[in-house]
Each structure stands twice: as C-alpha cells, then as structure tokens.
$ cat start-v6.cif   # mmCIF, C-alpha atoms
data_entry
loop_
_atom_site.group_PDB
_atom_site.id
_atom_site.type_symbol
_atom_site.label_atom_id
_atom_site.label_comp_id
_atom_site.auth_asym_id
_atom_site.auth_seq_id
_atom_site.Cartn_x
_atom_site.Cartn_y
_atom_site.Cartn_z
ATOM 1 C CA MET I 84 111.588 64.147 141.624
ATOM 2 C CA ARG I 85 111.678 66.421 138.589
ATOM 3 C CA ILE I 86 114.674 64.586 137.088
ATOM 4 C CA VAL I 87 112.736 61.321 137.206
ATOM 5 C CA ASN I 88 109.846 63.018 135.415
ATOM 6 C CA LYS I 89 112.230 64.404 132.772
ATOM 7 C CA LEU I 90 113.740 60.965 132.127
ATOM 8 C CA VAL I 91 110.346 59.237 132.062
ATOM 9 C CA GLU I 92 109.173 61.857 129.539
ATOM 10 C CA LEU I 93 112.369 61.327 127.508
ATOM 11 C CA ARG I 94 111.801 57.562 127.488
ATOM 12 C CA THR I 95 108.159 58.009 126.469
ATOM 13 C CA SER I 96 108.685 60.633 123.764
ATOM 14 C CA TYR I 97 111.511 58.648 122.119
ATOM 15 C CA LYS I 98 109.864 55.231 122.424
ATOM 16 C CA SER I 99 109.837 54.768 118.632
ATOM 17 C CA LYS I 100 113.551 55.710 118.509
ATOM 18 C CA SER I 101 114.638 53.334 121.275
ATOM 19 C CA ILE I 102 115.893 49.805 121.769
ATOM 20 C CA GLN I 103 115.294 47.833 124.946
ATOM 21 C CA HIS I 104 117.744 45.053 125.756
ATOM 22 C CA ASP I 105 116.923 41.850 127.629
ATOM 23 C CA ASN I 106 118.150 43.278 130.940
ATOM 24 C CA GLY I 107 115.811 46.275 130.571
ATOM 25 C CA ALA I 108 118.442 48.835 129.540
ATOM 26 C CA ILE I 109 116.905 51.373 127.161
ATOM 27 C CA LEU I 110 119.058 52.908 124.428
ATOM 28 C CA ILE I 111 117.498 56.126 123.141
ATOM 29 C CA GLU I 112 118.460 57.241 119.628
ATOM 30 C CA PRO I 113 120.837 54.320 118.993
ATOM 31 C CA SER I 114 123.731 54.759 116.546
ATOM 32 C CA ASP I 115 127.217 53.420 115.879
ATOM 33 C CA MET I 116 129.091 56.086 117.840
ATOM 34 C CA PRO I 117 128.007 56.961 120.360
ATOM 35 C CA LYS I 118 126.080 53.743 120.920
ATOM 36 C CA CYS I 119 123.076 55.918 121.751
ATOM 37 C CA ARG I 120 122.283 59.470 122.827
ATOM 38 C CA HIS I 121 120.879 58.393 126.211
ATOM 39 C CA MET I 122 120.942 55.096 128.116
ATOM 40 C CA LEU I 123 118.555 54.423 130.996
ATOM 41 C CA PHE I 124 118.796 51.446 133.340
ATOM 42 C CA PRO I 125 115.729 49.868 134.989
ATOM 43 C CA GLY I 126 115.196 50.711 138.653
ATOM 44 C CA LEU I 127 116.280 48.624 141.620
ATOM 45 C CA LYS I 128 113.950 47.066 144.168
ATOM 46 C CA LYS I 129 114.088 48.714 147.578
ATOM 47 C CA ASP I 130 115.365 45.430 149.052
ATOM 48 C CA ASP I 131 118.319 45.481 146.635
ATOM 49 C CA ILE I 132 119.104 49.119 147.473
ATOM 50 C CA ASP I 133 119.066 48.186 151.164
ATOM 51 C CA LYS I 134 121.174 45.055 150.637
ATOM 52 C CA TYR I 135 123.830 46.419 148.278
ATOM 53 C CA LEU I 136 124.013 50.061 149.354
ATOM 54 C CA VAL I 137 122.270 51.104 152.571
ATOM 55 C CA GLU I 138 123.512 48.204 154.726
ATOM 56 C CA ASN I 139 127.097 48.521 153.442
ATOM 57 C CA TYR I 140 127.468 52.290 153.636
ATOM 58 C CA ASN I 141 129.008 53.810 156.786
ATOM 59 C CA ASN I 142 126.936 57.003 156.609
ATOM 60 C CA PRO I 143 123.195 57.516 156.285
ATOM 61 C CA PHE I 144 122.409 56.610 152.678
ATOM 62 C CA PRO I 145 120.866 59.623 150.869
ATOM 63 C CA HIS I 146 117.084 59.182 150.611
ATOM 64 C CA GLU I 147 116.819 61.271 147.440
ATOM 65 C CA TYR I 148 119.427 59.160 145.638
ATOM 66 C CA ALA I 149 117.759 55.919 146.800
ATOM 67 C CA GLU I 150 114.446 57.272 145.469
ATOM 68 C CA PHE I 151 116.051 57.925 142.079
ATOM 69 C CA LEU I 152 117.593 54.419 141.974
ATOM 70 C CA GLN I 153 114.182 52.828 142.464
ATOM 71 C CA VAL I 154 113.079 54.308 139.131
ATOM 72 C CA PHE I 155 116.391 54.423 137.237
ATOM 73 C CA ASN I 156 119.394 52.386 138.352
ATOM 74 C CA GLY I 157 121.725 54.966 136.850
ATOM 75 C CA ALA I 158 121.891 56.572 133.421
ATOM 76 C CA ASN I 159 124.350 57.637 130.736
ATOM 77 C CA LEU I 160 122.935 60.857 129.325
ATOM 78 C CA CYS I 161 123.717 63.278 126.516
ATOM 79 C CA SER I 162 126.334 61.107 124.832
ATOM 80 C CA VAL I 163 128.411 62.722 122.089
ATOM 81 C CA ARG I 164 130.966 61.717 119.467
ATOM 82 C CA ILE I 165 134.404 63.271 119.797
ATOM 83 C CA LYS I 166 137.088 63.368 117.116
ATOM 84 C CA ALA I 167 140.571 63.430 118.601
ATOM 85 C CA LYS I 168 142.263 65.295 115.760
ATOM 86 C CA ALA I 169 145.846 64.607 116.878
ATOM 87 C CA ALA I 170 145.278 60.853 117.038
ATOM 88 C CA ASN I 171 142.887 60.824 114.067
ATOM 89 C CA THR I 172 140.405 58.718 116.011
ATOM 90 C CA TYR I 173 136.885 58.958 117.402
ATOM 91 C CA PHE I 174 135.466 58.105 120.788
ATOM 92 C CA ALA I 175 132.146 58.500 122.572
ATOM 93 C CA GLU I 176 131.524 60.287 125.850
ATOM 94 C CA SER I 177 128.492 60.477 128.091
ATOM 95 C CA LEU I 178 128.322 64.116 129.208
ATOM 96 C CA LEU I 179 126.268 63.209 132.301
ATOM 97 C CA THR I 180 126.625 59.872 134.072
ATOM 98 C CA ILE I 181 124.513 58.909 137.073
ATOM 99 C CA TYR I 182 125.906 55.901 138.905
ATOM 100 C CA GLY I 183 123.959 52.814 139.942
ATOM 101 C CA VAL I 184 124.544 49.174 140.855
ATOM 102 C CA PRO I 185 125.389 46.677 138.074
ATOM 103 C CA ARG I 186 123.310 43.520 138.256
ATOM 104 C CA THR I 187 125.585 41.286 136.161
ATOM 105 C CA LYS I 188 129.302 40.643 136.572
ATOM 106 C CA PRO I 189 131.409 42.613 134.064
ATOM 107 C CA PHE I 190 133.644 39.839 132.745
ATOM 108 C CA ASN I 191 130.878 37.484 131.609
ATOM 109 C CA ARG I 192 128.482 40.175 130.438
ATOM 110 C CA PRO I 193 127.228 39.979 126.828
ATOM 111 C CA ALA I 194 127.814 43.087 124.695
ATOM 112 C CA ASP I 195 124.092 43.933 124.689
ATOM 113 C CA MET I 196 123.761 43.773 128.480
ATOM 114 C CA GLU I 197 124.835 47.310 129.348
ATOM 115 C CA GLU I 198 125.013 48.151 133.029
ATOM 116 C CA PRO I 199 125.462 51.413 134.947
ATOM 117 C CA PHE I 200 128.771 52.528 136.365
ATOM 118 C CA ASP I 201 129.049 51.103 139.889
ATOM 119 C CA VAL I 202 128.559 53.775 142.562
ATOM 120 C CA ARG I 203 130.443 51.607 145.083
ATOM 121 C CA ILE I 204 133.558 51.635 142.863
ATOM 122 C CA GLU I 205 133.264 55.206 141.572
ATOM 123 C CA ASP I 206 132.931 56.545 145.134
ATOM 124 C CA LEU I 207 136.393 55.165 145.960
ATOM 125 C CA ALA I 208 138.157 57.376 143.382
ATOM 126 C CA ARG I 209 138.351 60.734 145.124
ATOM 127 C CA ASN I 210 140.734 63.346 146.453
ATOM 128 C CA LYS I 211 141.900 62.513 149.997
ATOM 129 C CA LYS I 212 140.534 65.833 151.258
ATOM 130 C CA ILE I 213 136.947 65.014 150.222
ATOM 131 C CA PRO I 214 134.994 64.295 153.429
ATOM 132 C CA ASN I 215 134.030 60.655 153.921
ATOM 133 C CA THR I 216 130.437 61.824 154.454
ATOM 134 C CA TRP I 217 130.264 62.789 150.774
ATOM 135 C CA LEU I 218 129.012 60.110 148.379
ATOM 136 C CA LYS I 219 130.069 60.390 144.719
ATOM 137 C CA CYS I 220 126.866 59.616 142.789
ATOM 138 C CA ALA I 221 127.450 61.142 139.340
ATOM 139 C CA ALA I 222 129.879 62.902 137.027
ATOM 140 C CA TYR I 223 129.623 65.300 134.112
ATOM 141 C CA ASP I 224 131.855 66.902 131.511
ATOM 142 C CA GLU I 225 132.497 70.604 131.239
ATOM 143 C CA THR I 226 132.198 71.268 127.528
ATOM 144 C CA PRO I 227 133.869 71.978 125.176
ATOM 145 C CA ILE I 228 137.061 71.026 127.058
ATOM 146 C CA PHE I 229 135.684 67.705 128.367
ATOM 147 C CA ASP I 230 137.075 68.159 131.840
ATOM 148 C CA ARG I 231 135.422 65.530 134.075
ATOM 149 C CA VAL I 232 133.659 66.804 137.179
ATOM 150 C CA ASP I 233 132.583 64.591 140.094
ATOM 151 C CA VAL I 234 129.232 65.149 141.819
ATOM 152 C CA PHE I 235 128.991 64.438 145.550
ATOM 153 C CA ILE I 236 126.054 64.278 147.962
ATOM 154 C CA ASP I 237 126.867 65.488 151.461
ATOM 155 C CA THR I 238 125.064 62.735 153.375
ATOM 156 C CA SER I 239 124.811 64.879 156.487
ATOM 157 C CA SER I 240 123.032 67.832 154.832
ATOM 158 C CA GLY I 241 121.790 66.648 151.411
ATOM 159 C CA ALA I 242 123.712 69.462 149.705
ATOM 160 C CA ILE I 243 125.433 68.672 146.404
ATOM 161 C CA TYR I 244 128.977 69.657 145.518
ATOM 162 C CA ALA I 245 130.895 69.431 142.242
ATOM 163 C CA CYS I 246 134.689 69.153 142.103
ATOM 164 C CA HIS I 247 137.002 68.518 139.176
ATOM 165 C CA LYS I 248 137.985 64.841 139.051
ATOM 166 C CA ASN I 249 140.388 63.951 141.890
ATOM 167 C CA GLU I 250 140.469 67.545 143.133
ATOM 168 C CA PHE I 251 138.992 69.133 146.232
ATOM 169 C CA GLU I 252 138.016 72.677 145.284
ATOM 170 C CA ILE I 253 134.227 73.047 145.010
ATOM 171 C CA ILE I 254 133.324 74.566 141.636
ATOM 172 C CA ARG I 255 129.509 74.344 141.852
ATOM 173 C CA GLU I 256 126.922 73.535 144.480
ATOM 174 C CA TRP I 257 123.203 72.882 144.736
ATOM 175 C CA ASP I 258 120.703 72.512 147.566
ATOM 176 C CA ASN I 259 119.688 68.974 146.585
ATOM 177 C CA LEU I 260 120.257 66.166 144.098
ATOM 178 C CA ASP I 261 117.120 66.818 142.069
ATOM 179 C CA GLU I 262 118.077 70.455 141.451
ATOM 180 C CA CYS I 263 121.612 69.401 140.465
ATOM 181 C CA LEU I 264 120.597 66.673 138.030
ATOM 182 C CA CYS I 265 117.884 68.814 136.429
ATOM 183 C CA ASP I 266 120.303 71.711 135.919
ATOM 184 C CA LEU I 267 122.984 69.483 134.437
ATOM 185 C CA PHE I 268 120.580 67.576 132.188
ATOM 186 C CA ASP I 269 119.063 70.815 130.865
ATOM 187 C CA GLU I 270 122.507 72.305 130.202
ATOM 188 C CA LEU I 271 124.023 69.223 128.573
ATOM 189 C CA SER I 272 121.050 67.981 126.532
ATOM 190 C CA ILE I 273 121.357 70.992 124.212
ATOM 191 C CA MET I 274 125.056 70.387 123.479
ATOM 192 C CA PRO I 275 126.061 69.480 119.880
ATOM 193 C CA LEU I 276 126.228 65.781 119.040
ATOM 194 C CA GLU I 277 129.797 65.959 117.715
ATOM 195 C CA TYR I 278 132.995 67.691 118.822
ATOM 196 C CA GLU I 279 136.563 67.951 117.610
ATOM 197 C CA LEU I 280 139.494 68.233 119.984
#

$ encode --input "start-v6.cif" --output "structure tokens"
Amino acid sequence: MRIVNKLVELRTSYKSKSIQHDNGAILIEPSDMPKCRHMLFPGLKKDDIDKYLVENYNNPFPHEYAEFLQVFNGANLCSVRIKAKAANTYFAESLLTIYGVPRTKPFNRPADMEEPFDVRIEDLARNKKIPNTWLKCAAYDETPIFDRVDVFIDTSSGAIYACHKNEFEIIREWDNLDECLCDLFDELSIMPLEYEL
C-alpha cells in the first residue's frame, strides 16, 4: 500500500526527531501542544486482527484495512495547534485519524502509553441512514473550519465514502482505502501548524 510506504518513509526520515514509547508508539516531532505532529502505533499480529475484529464483525472485514493494521495499528496524523480566540484557550487536533485497536485499557493507562482510537467504538457513532455494511475506519478535518468528516469503507465493494460527522450525505468518494488515505495525507500534511478560530 502506498500509504504504508509514505508512513514508513515518514518514520524513517524523522527518526532523529522522534520518541518511541515503551508500547511502541512513535511520536514524530514531539512538542508541548500538539503532543507531536504525527503519532504512529505499532502493527497488530494477524491473529489479533482476526480475534478482535474479523471474528466479531458481521460483514466481511476489509482486507485492505486489515493489511494496513498489520503495519500500523492506527495513526494520528498532521496534528495542529488551534487557538480558540473566544475562549482564549488552545487545543490540539489531529487532522487525519486512522482508527485501530487499543492494546491497553484506557483507565489504567500511563500518560506515555498512547493508543489509537478504537475502531470498534468509533464505528458505532454514525447516522442511522449509513448502511451497516460500511465500516468507519478513519476521520479527518476540513480545514480551516475544522468540520469533522467520517471515512467509511463499503465492505461489499471496497469503495470509500466520506460524510460529515453524524450525517449521511456523501461529500467525497474514492475507489479504495489506499487512494483515500494517500489523498488525505498529502492534502493535510501541508497545512499550517497553527490556526486561530
């Protein structure tokens, strides 16, 4: 997959500007806010993908997504710092989030044991009109308005659809997951590091 190659190249080229935590999470270009520009999570074993996803999913689990998860168990990409002018506060936002499967429970997790957003939980938050054969595997922000967009894989065709969060209208589509993630990563990786709303 081209997106895997892009992320491997990113990890390699920023090795000297990265931190790796005990659980294997890699923080590229770490800072105070956002915590880092990109966060990559180590891949899952095929047995874990089968156990936690394939065997518990009612539809055929997308092969392309499973292939991605074997290399990267999710990612938080293109993180930015946003100043909310009205509230006079700052917050961080990952412009592109690819879901995975957390390997440690959230309530007992140390602060330096980052985990991906859980695809099993994220997939539940959807508009009622979204077909149950669509799996929500990622989300991105439309900049500069920071409107969250959900990314779905149609498990029957492999096509990818994007809809505003909790809405049904399709705003973008791609032939496959690799094309989608490459397009979004290329678009969002050139965005400024700081915004004001």

$ atom_distance --input "start-v6.cif" --atom1 "atom CA of Glu176 of chain I" --atom2 "atom CA of Val163 of chain I"
5.5 Å

$ closest_residue --input "start-v6.cif" --among "I:Arg94, I:Glu150, I:Val87, I:Ala175" --to "Cys119 of chain I" --atoms "all atoms listed in the file"
I:Ala175

$ residues_near_point --input "start-v6.cif" --point "(115.1, 66.7, 143.9)" --cutoff "10 Å" --atoms "all atoms listed in the file" --output "list of chain:residue names"
I:Met84, I:Arg85, I:Ile86, I:Val87, I:Glu147, I:Tyr148, I:Glu150, I:Phe151, I:Asp258, I:Asn259, I:Leu260, I:Asp261, I:Glu262, I:Cys263, I:Leu264, I:Cys265

$ resolve_selection --input "start-v6.cif" --expression "the PyMOL selection byres ((chain I and resi 183-195) around 9)" --output "CSV table (one decimal) with C-alpha atoms, in the coordinates of the input"
chain,number,residue,atom,x,y,z
I,104,HIS,CA,117.7,45.1,125.8
I,105,ASP,CA,116.9,41.8,127.6
I,106,ASN,CA,118.2,43.3,130.9
I,108,ALA,CA,118.4,48.8,129.5
I,124,PHE,CA,118.8,51.4,133.3
I,127,LEU,CA,116.3,48.6,141.6
I,132,ILE,CA,119.1,49.1,147.5
I,135,TYR,CA,123.8,46.4,148.3
I,136,LEU,CA,124.0,50.1,149.4
I,152,LEU,CA,117.6,54.4,142.0
I,155,PHE,CA,116.4,54.4,137.2
I,156,ASN,CA,119.4,52.4,138.4
I,157,GLY,CA,121.7,55.0,136.8
I,158,ALA,CA,121.9,56.6,133.4
I,181,ILE,CA,124.5,58.9,137.1
I,182,TYR,CA,125.9,55.9,138.9
I,196,MET,CA,123.8,43.8,128.5
I,197,GLU,CA,124.8,47.3,129.3
I,198,GLU,CA,125.0,48.2,133.0
I,199,PRO,CA,125.5,51.4,134.9
I,200,PHE,CA,128.8,52.5,136.4
I,201,ASP,CA,129.0,51.1,139.9
I,202,VAL,CA,128.6,53.8,142.6
I,203,ARG,CA,130.4,51.6,145.1
I,220,CYS,CA,126.9,59.6,142.8

$ residues_around --input "start-v6.cif" --residues "Ile273 of chain I" --least-positions-apart "5" --cutoff "12 Å" --atoms "all atoms listed in the file" --output "list of chain:residue names"
I:Arg120, I:Leu160, I:Cys161, I:Ser162, I:Val163, I:Leu178, I:Thr226, I:Asp266, I:Leu267, I:Phe268

$ residues_around --input "start-v6.cif" --residues "Thr238 of chain I" --least-positions-apart "2" --cutoff "7 Å" --atoms "all atoms listed in the file" --output "ChimeraX atom specification"
/I:142-145,216-218,236,240-241

$ closest_residue --input "start-v6.cif" --among "I:Ser272, I:Ile254, I:Gly107, I:Phe174" --to "Lys89 of chain I" --atoms "only C-alpha atoms"
I:Ser272

$ residues_around --input "start-v6.cif" --residues "Lys248 of chain I" --least-positions-apart "2" --cutoff "9 Å" --atoms "all atoms listed in the file" --output "list in words"
Ala208, Arg209, Asn210, Ala222, Asp230, Arg231, Val232, Asp233, Cys246, Glu250 and Phe251 of chain I

$ closest_residue --input "start-v6.cif" --among "I:Glu225, I:Lys166, I:Arg255, I:Val137" --to "Met274 of chain I" --atoms "all atoms listed in the file"
I:Glu225

$ atom_distance --input "start-v6.cif" --atom1 "atom CA of Arg164 of chain I" --atom2 "atom CA of Glu256 of chain I"
28.0 Å

$ atom_distance --input "start-v6.cif" --atom1 "atom CA of Ser99 of chain I" --atom2 "atom CA of Ile111 of chain I"
9.0 Å

$ closest_residue --input "start-v6.cif" --among "I:Met116, I:Trp257, I:Lys100, I:Tyr223" --to "Ala242 of chain I" --atoms "all atoms listed in the file"
I:Trp257

$ closest_residue --input "start-v6.cif" --among "I:Asn159, I:Lys168, I:His146, I:Gln153" --to "Asp237 of chain I" --atoms "all atoms listed in the file"
I:His146
